[in-house]
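To be precise, the following lines are query_22.tsv, and they hold TSV, C-alpha atoms.
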chain	number	residue	atom	x	y	z
A	1	MET	CA	-17.58	14.76	18.38
A	2	LYS	CA	-19.79	17.03	16.29
A	3	ASN	CA	-16.73	18.67	14.69
A	4	ASP	CA	-15.29	15.23	13.93
A	5	ALA	CA	-18.57	14.14	12.30
A	6	LEU	CA	-18.69	17.34	10.26
A	7	TYR	CA	-15.20	17.14	8.77
A	8	VAL	CA	-15.73	13.45	7.96
A	9	GLU	CA	-19.02	14.30	6.23
A	10	ILE	CA	-17.35	17.12	4.25
A	11	SER	CA	-14.61	14.72	3.13
A	12	LYS	CA	-17.33	12.35	1.90
A	13	GLN	CA	-19.07	15.15	0.01
A	14	ILE	CA	-15.82	16.15	-1.71
A	15	LEU	CA	-15.15	12.49	-2.54
A	16	ARG	CA	-18.61	12.15	-4.10
A	17	ASP	CA	-17.97	15.25	-6.19
A	18	ILE	CA	-14.67	13.75	-7.34
A	19	GLU	CA	-16.25	10.42	-8.26
A	20	CYS	CA	-19.03	12.05	-10.28
A	21	GLY	CA	-16.55	14.17	-12.24
A	22	ILE	CA	-17.19	17.62	-10.77
A	23	TYR	CA	-13.48	17.69	-9.94
A	24	PRO	CA	-11.57	15.84	-12.71
A	25	GLU	CA	-8.63	13.62	-11.78
A	26	SER	CA	-5.15	15.18	-11.99
A	27	ALA	CA	-6.80	18.62	-11.90
A	28	PRO	CA	-6.44	21.00	-8.94
A	29	LEU	CA	-9.22	21.40	-6.43
A	30	PRO	CA	-10.63	24.93	-6.11
A	31	ASP	CA	-8.85	27.12	-3.56
A	32	GLU	CA	-9.73	26.84	0.12
A	33	GLU	CA	-11.95	29.91	0.20
A	34	THR	CA	-14.04	28.63	-2.72
A	35	LEU	CA	-14.40	25.20	-1.11
A	36	ARG	CA	-15.18	26.70	2.29
A	37	LYS	CA	-18.04	28.71	0.83
A	38	LYS	CA	-19.34	25.84	-1.30
A	39	TYR	CA	-19.55	23.41	1.63
A	40	ASN	CA	-20.43	26.14	4.15
A	41	VAL	CA	-17.86	25.18	6.78
A	42	ALA	CA	-15.09	26.81	8.76
A	43	ARG	CA	-11.60	26.81	7.27
A	44	SER	CA	-10.33	24.51	10.03
A	45	THR	CA	-13.06	21.93	9.25
A	46	LEU	CA	-12.27	22.07	5.54
A	47	ARG	CA	-8.57	21.55	6.18
A	48	ARG	CA	-9.26	18.51	8.37
A	49	ALA	CA	-11.47	17.10	5.60
A	50	LEU	CA	-8.70	17.61	3.04
A	51	GLU	CA	-6.14	16.01	5.37
A	52	LEU	CA	-8.41	12.98	5.67
A	53	LEU	CA	-8.61	12.73	1.87
A	54	LYS	CA	-4.81	12.95	1.69
A	55	GLU	CA	-4.51	10.09	4.20
A	56	LYS	CA	-6.84	8.04	1.99
A	57	GLU	CA	-4.67	8.98	-1.04
A	58	VAL	CA	-7.58	10.62	-2.83
A	59	VAL	CA	-5.82	13.99	-3.16
A	60	PHE	CA	-2.26	15.26	-2.83
A	61	SER	CA	-0.70	18.68	-2.32
A	62	VAL	CA	2.05	20.40	-4.31
A	63	GLN	CA	3.87	23.12	-2.40
A	64	GLY	CA	2.82	26.49	-3.72
A	65	ASN	CA	0.43	25.01	-6.31
A	66	GLY	CA	-2.52	23.72	-4.30
A	67	THR	CA	-4.28	20.39	-3.84
A	68	PHE	CA	-4.79	17.99	-6.76
A	69	ILE	CA	-7.00	14.97	-7.46
A	70	LYS	CA	-4.94	11.80	-7.50
A	71	PRO	CA	-5.47	9.64	-10.59
A	72	HIS	CA	-7.22	6.36	-9.81
A	73	LEU	CA	-5.16	3.23	-10.41
A	74	PHE	CA	-6.45	-0.32	-10.75
A	75	THR	CA	-4.19	-3.08	-9.40
A	76	GLN	CA	-4.13	-6.57	-10.90
A	77	PRO	CA	-2.51	-9.23	-8.69
A	78	LEU	CA	-0.65	-11.78	-10.81
A	79	SER	CA	-2.04	-15.04	-9.51
A	80	THR	CA	-1.68	-18.40	-11.23
A	81	PHE	CA	-4.80	-17.72	-13.29
A	82	TYR	CA	-6.94	-14.60	-13.11
A	83	SER	CA	-9.71	-12.68	-14.79
A	84	PHE	CA	-9.83	-8.87	-14.93
A	85	THR	CA	-13.59	-9.06	-14.44
A	86	ASP	CA	-13.32	-11.28	-11.36
A	87	THR	CA	-10.58	-9.15	-9.81
A	88	LEU	CA	-12.53	-5.92	-10.21
A	89	LYS	CA	-15.76	-7.54	-9.02
A	90	ASN	CA	-13.97	-8.67	-5.86
A	91	GLY	CA	-13.10	-5.02	-5.28
A	92	ASN	CA	-16.73	-3.99	-5.83
A	93	VAL	CA	-15.79	-2.34	-9.13
A	94	HIS	CA	-18.18	-2.83	-12.03
A	95	ILE	CA	-16.49	-3.52	-15.37
A	96	GLU	CA	-18.09	-2.66	-18.69
A	97	ASN	CA	-17.43	-4.61	-21.88
A	98	ARG	CA	-18.10	-2.91	-25.19
A	99	ILE	CA	-18.02	-5.39	-28.07
A	100	LEU	CA	-16.27	-3.63	-30.95
A	101	ASP	CA	-16.18	-6.61	-33.27
A	102	CYS	CA	-16.83	-10.35	-33.23
A	103	ASN	CA	-16.43	-12.48	-36.31
A	104	LEU	CA	-15.12	-15.78	-37.61
A	105	ILE	CA	-11.76	-15.58	-39.39
A	106	SER	CA	-9.27	-17.94	-41.03
A	107	ALA	CA	-5.78	-17.93	-39.53
A	108	ASP	CA	-3.22	-16.19	-41.72
A	109	LYS	CA	0.53	-16.81	-41.49
A	110	VAL	CA	0.96	-14.46	-38.55
A	111	LEU	CA	-1.87	-15.90	-36.45
A	112	ALA	CA	-0.87	-19.46	-37.39
A	113	LYS	CA	2.67	-18.76	-36.14
A	114	GLN	CA	1.39	-17.14	-32.94
A	115	THR	CA	-0.97	-19.97	-32.09
A	116	GLY	CA	0.71	-23.01	-33.61
A	117	PHE	CA	-2.44	-23.89	-35.58
A	118	PRO	CA	-2.32	-24.49	-39.36
A	119	GLU	CA	-3.11	-21.65	-41.73
A	120	GLY	CA	-6.81	-21.52	-42.51
A	121	THR	CA	-7.88	-22.71	-39.05
A	122	LYS	CA	-11.12	-21.02	-38.04
A	123	PHE	CA	-10.94	-18.69	-35.06
A	124	HIS	CA	-13.44	-16.45	-33.35
A	125	LYS	CA	-11.90	-12.98	-33.18
A	126	LEU	CA	-13.40	-10.98	-30.32
A	127	LEU	CA	-12.48	-7.30	-29.97
A	128	ARG	CA	-13.58	-5.57	-26.77
A	129	LEU	CA	-13.11	-2.22	-25.05
A	130	ARG	CA	-13.02	-2.84	-21.31
A	131	SER	CA	-13.80	-0.05	-18.86
A	132	ALA	CA	-14.23	0.38	-15.11
A	133	ARG	CA	-15.74	3.34	-13.27
A	134	HIS	CA	-16.21	4.91	-16.70
A	135	TYR	CA	-12.44	4.77	-17.38
A	136	PRO	CA	-11.54	2.89	-20.58
A	137	LEU	CA	-8.77	0.57	-19.40
A	138	MET	CA	-7.83	-1.74	-22.24
A	139	VAL	CA	-8.47	-2.77	-25.82
A	140	GLU	CA	-8.55	-6.56	-25.86
A	141	THR	CA	-8.40	-8.89	-28.86
A	142	THR	CA	-9.10	-12.57	-28.16
A	143	TYR	CA	-8.74	-15.50	-30.57
A	144	LEU	CA	-10.62	-18.71	-29.78
A	145	PRO	CA	-10.52	-21.84	-32.01
A	146	GLN	CA	-13.97	-22.61	-33.40
A	147	SER	CA	-13.23	-26.32	-33.10
A	148	ARG	CA	-13.40	-25.89	-29.29
A	149	PHE	CA	-15.94	-23.07	-29.01
A	150	PHE	CA	-18.57	-23.38	-31.71
A	151	VAL	CA	-20.37	-20.07	-31.26
A	152	LEU	CA	-20.05	-16.96	-29.05
A	153	ASP	CA	-22.95	-15.01	-27.57
A	154	THR	CA	-22.07	-11.30	-27.75
A	155	ASP	CA	-25.10	-10.30	-25.66
A	156	ILE	CA	-23.81	-12.36	-22.74
A	157	LEU	CA	-20.19	-11.30	-23.29
A	158	SER	CA	-21.10	-7.62	-23.21
A	159	GLN	CA	-22.53	-8.14	-19.71
A	160	GLY	CA	-20.01	-10.37	-17.99
A	161	SER	CA	-16.82	-12.41	-17.98
A	162	LEU	CA	-15.62	-14.27	-21.06
A	163	TYR	CA	-14.23	-17.05	-18.87
A	164	GLU	CA	-17.52	-17.46	-17.01
A	165	PHE	CA	-19.35	-17.79	-20.33
A	166	LEU	CA	-16.85	-20.35	-21.66
A	167	ARG	CA	-16.99	-22.36	-18.44
A	168	ALA	CA	-20.79	-22.41	-18.38
A	169	ARG	CA	-21.33	-23.06	-22.10
A	170	TYR	CA	-18.35	-25.24	-23.03
A	171	GLY	CA	-16.85	-26.59	-19.80
A	172	PHE	CA	-13.76	-24.42	-20.27
A	173	HIS	CA	-10.93	-25.33	-17.88
A	174	ALA	CA	-7.44	-23.95	-18.46
A	175	ASN	CA	-4.64	-26.03	-16.96
A	176	HIS	CA	-2.06	-23.29	-17.28
A	177	ALA	CA	-1.33	-20.01	-19.02
A	178	THR	CA	1.68	-17.92	-19.98
A	179	GLU	CA	1.79	-14.13	-20.21
A	180	THR	CA	4.25	-11.60	-21.51
A	181	PHE	CA	4.30	-7.86	-20.78
A	182	GLN	CA	5.90	-5.27	-23.03
A	183	PRO	CA	5.81	-1.46	-22.87
A	184	ILE	CA	4.51	0.08	-26.08
A	185	MET	CA	3.15	3.33	-27.47
A	186	PRO	CA	-0.43	2.75	-28.66
A	187	GLN	CA	-1.66	3.25	-32.21
A	188	PRO	CA	-3.90	6.25	-33.07
A	189	ASP	CA	-7.10	4.17	-33.10
A	190	GLU	CA	-6.18	2.63	-29.74
A	191	ARG	CA	-5.52	6.08	-28.25
A	192	THR	CA	-8.94	7.22	-29.43
A	193	LEU	CA	-10.69	4.26	-27.82
A	194	LEU	CA	-8.75	4.64	-24.57
A	195	HIS	CA	-9.15	8.43	-24.42
A	196	ILE	CA	-5.43	9.02	-23.94
A	197	SER	CA	-2.85	11.41	-25.36
A	198	PRO	CA	-0.06	10.40	-27.77
A	199	ASN	CA	2.40	10.54	-24.86
A	200	THR	CA	0.56	8.09	-22.60
A	201	PRO	CA	2.45	4.77	-22.45
A	202	CYS	CA	0.64	1.44	-22.52
A	203	MET	CA	1.48	-2.21	-21.99
A	204	LEU	CA	1.04	-4.99	-24.49
A	205	LEU	CA	-0.12	-8.05	-22.58
A	206	GLU	CA	-0.20	-11.36	-24.45
A	207	ARG	CA	-1.81	-14.38	-22.84
A	208	TYR	CA	-1.72	-17.99	-24.03
A	209	SER	CA	-4.13	-20.30	-22.18
A	210	TYR	CA	-3.93	-24.09	-22.46
A	211	GLU	CA	-6.33	-26.94	-21.83
A	212	ASP	CA	-4.71	-30.36	-21.60
A	213	ASP	CA	-1.60	-28.82	-23.21
A	214	MET	CA	-3.59	-27.55	-26.20
A	215	LEU	CA	-3.87	-23.81	-26.84
A	216	ILE	CA	-7.47	-22.69	-26.42
A	217	GLU	CA	-7.11	-18.93	-26.07
A	218	TYR	CA	-4.75	-16.28	-27.38
A	219	THR	CA	-5.38	-12.73	-26.17
A	220	LYS	CA	-3.62	-9.45	-26.90
A	221	SER	CA	-4.49	-6.52	-24.62
A	222	ILE	CA	-3.40	-2.90	-24.95
A	223	VAL	CA	-3.53	-1.74	-21.32
A	224	ARG	CA	-3.33	1.87	-20.15
A	225	GLY	CA	-0.09	2.38	-18.27
A	226	ASP	CA	-1.49	5.37	-16.39
A	227	LYS	CA	-4.44	3.39	-15.04
A	228	TYR	CA	-3.33	-0.19	-14.48
A	229	VAL	CA	-0.68	-1.65	-12.18
A	230	PHE	CA	0.34	-5.32	-12.20
A	231	ARG	CA	1.66	-6.46	-8.85
A	232	VAL	CA	3.30	-9.54	-7.36
A	233	GLU	CA	4.89	-10.06	-3.95
A	234	TRP	CA	7.79	-12.47	-3.57
A	235	ALA	CA	8.71	-14.40	-0.43
A	236	LYS	CA	12.29	-14.52	0.89
A	237	ASP	CA	14.89	-17.26	0.57
A	238	GLY	CA	13.76	-18.52	-2.82
A	239	ALA	CA	10.39	-19.62	-1.54
A	240	ARG	CA	7.37	-19.74	-3.80
A	241	PRO	CA	5.92	-16.33	-4.63
A	242	VAL	CA	3.11	-15.00	-2.53
A	243	PHE	CA	0.49	-13.32	-4.67
A	244	GLU	CA	-1.92	-10.63	-3.54

Representation of the structure as structure tokens:
Amino acid sequence: MKNDALYVEISKQILRDIECGIYPESAPLPDEETLRKKYNVARSTLRRALELLKEKEVVFSVQGNGTFIKPHLFTQPLSTFYSFTDTLKNGNVHIENRILDCNLISADKVLAKQTGFPEGTKFHKLLRLRSARHYPLMVETTYLPQSRFFVLDTDILSQGSLYEFLRARYGFHANHATETFQPIMPQPDERTLLHISPNTPCMLLERYSYEDDMLIEYTKSIVRGDKYVFRVEWAKDGARPVFE
């Protein structure tokens, strides 16, 4: 029992060191002898701790190359209508919103075509960098018609969900939404914000949200492909999809 408690405690210590960045993700853990001395345990106890971390998919081994930290992935179930903030909160993950820009613009030809509004229509343009567990996950640009949402409060938006703010302030209620996903290679400024290399793929997610069949939100998100997974589970025999 004592040995069991010890290897479990060592696995927790290693996990804490991973989460605080002592051992970076995708990097190899130190060799067994170094870890054994650091945590002051027998080799057998250390190995049981590492096996437990493998079972929990925190680390993985490569034959002849050692044990590596597994990159953390965030999974977004594709329900009928969802919020990244709400999904992560439900998983006890705190999301951070950094407001990069927020201003009132007039729709040009491109935005008018994308939204179906006339040129010159006033939109709030909200640009945010969204992060979780200190990982920058996505660069998100949202367009909201000023005729529906008179003013935005960036102090509130930097602390919580955009949808929660719109519901509380303006009685926002989307009847339906459509989304498209497209693999892309991010632009240099997007790579800088997301802390990724030129070879890291991303996804372009475009969402159109409607209220009483009128478009009330158009959002473009550049999402890290190495950090985010979108998932849906389908039922058999043509039944309706079952979402996680």

Would you list the contacts of range 7-15 of chain A as a short mmCIF file (atom, residue, chain, number, x, y, z; two decimals) with C-alpha atoms, keeping the file's coordinate frame, taking every protein, DNA or RNA residue within 8 Å and counting all atoms listed in the file, but skipping same-chain residues closer than 4 positions in sequence?
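Just written: part24.cif:
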data_model
loop_
_atom_site.label_atom_id
_atom_site.label_comp_id
_atom_site.auth_asym_id
_atom_site.auth_seq_id
_atom_site.Cartn_x
_atom_site.Cartn_y
_atom_site.Cartn_z
CA ASN A 3 -16.73 18.67 14.69
CA GLU A 19 -16.25 10.42 -8.26
CA TYR A 39 -19.55 23.41 1.63
CA THR A 45 -13.06 21.93 9.25
CA LEU A 46 -12.27 22.07 5.54
CA ARG A 48 -9.26 18.51 8.37
CA ALA A 49 -11.47 17.10 5.60
CA LEU A 50 -8.70 17.61 3.04
CA LEU A 52 -8.41 12.98 5.67
CA LEU A 53 -8.61 12.73 1.87
CA VAL A 58 -7.58 10.62 -2.83
#

**OP:** Have a look at A:Asn175, A:Leu144, A:Arg16, A:Arg133 and name the one nearest to Asp213 in chain A; count all atoms listed in the file.
**Re:** A:Asn175

Original post:
Using all atoms listed in the file, which of the listed residues (A:Asp101, A:Tyr210, A:Asp31, A:Gly64) sits closest to Glu140 in chain A?
Top reply: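 When distances to Glu140 in chain A are compared using all atoms listed in the file, the smallest one comes from A:Asp101.
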
**OP:** Go ahead and compute the interatomic distance for CA of Leu29 in chain A and CA of Pro136 in chain A, in Å to one decimal.
**Re:** 23.4 Å

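You can rank A:Ala42, A:Lys54, A:Glu119, A:Ile22 by their closest distance to Leu6 in chain A using all atoms listed in the file, and at the top of that list sits A:Ala42.
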
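Within 10 Å of the point (-14.2, 1.4, -17.5), counting all atoms listed in the file, the protein and nucleic acid residues come to A:Val93, A:His94, A:Ile95, A:Glu96, A:Asn97, A:Arg98, A:Leu129, A:Arg130, A:Ser131, A:Ala132, A:Arg133, A:His134, A:Tyr135, A:Pro136, A:Leu137, A:Met138, A:Leu194.
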
Just the residues within 8 Å of range 201-204 of chain A, please, counting all atoms listed in the file, with nothing from its chain fewer than 3 positions along; format it as a PDB file with C-alpha atoms, in the coordinates of the input.
ATOM      1  CA  THR A 180       4.250 -11.600 -21.510  1.00  0.00           C
ATOM      2  CA  PHE A 181       4.300  -7.860 -20.780  1.00  0.00           C
ATOM      3  CA  GLN A 182       5.900  -5.270 -23.030  1.00  0.00           C
ATOM      4  CA  PRO A 183       5.810  -1.460 -22.870  1.00  0.00           C
ATOM      5  CA  ILE A 184       4.510   0.080 -26.080  1.00  0.00           C
ATOM      6  CA  MET A 185       3.150   3.330 -27.470  1.00  0.00           C
ATOM      7  CA  PRO A 186      -0.430   2.750 -28.660  1.00  0.00           C
ATOM      8  CA  LYS A 220      -3.620  -9.450 -26.900  1.00  0.00           C
ATOM      9  CA  SER A 221      -4.490  -6.520 -24.620  1.00  0.00           C
ATOM     10  CA  ILE A 222      -3.400  -2.900 -24.950  1.00  0.00           C
ATOM     11  CA  VAL A 223      -3.530  -1.740 -21.320  1.00  0.00           C
ATOM     12  CA  ARG A 224      -3.330   1.870 -20.150  1.00  0.00           C
ATOM     13  CA  GLY A 225      -0.090   2.380 -18.270  1.00  0.00           C
ATOM     14  CA  ASP A 226      -1.490   5.370 -16.390  1.00  0.00           C
TER      15      ASP A 226
END

Original post:
In Å, how far is it from CA of Leu127 in chain A to CA of Cys20 in chain A?
Top reply: 28.4 Å

Subject >> Atom-to-atom span, CA of Glu25 in chain A and CA of Ile69 in chain A, Å >> reply: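 The value is 4.8 Å.
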
Subject >> Which residue of A:Gly160, A:Pro118, A:Pro24, A:Pro145 approaches Lys70 in chain A most closely, using only C-alpha atoms >> reply: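 The answer is A:Pro24, which sits nearest to Lys70 in chain A.
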
Subject >> Pick from A:Ala5, A:Leu193, A:Val151, A:Leu162 nearest to Phe123 in chain A, counting only C-alpha atoms >> reply: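 Residue with the minimum atom-to-atom distance to Phe123 in chain A: A:Val151.
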
Original post:
With only C-alpha atoms as the basis for distance, which of A:Tyr170, A:Ala107, A:Thr192, A:Ser61 is at the shortest distance from Gly120 in chain A?
Top reply: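 The closest residue to Gly120 in chain A is A:Ala107.
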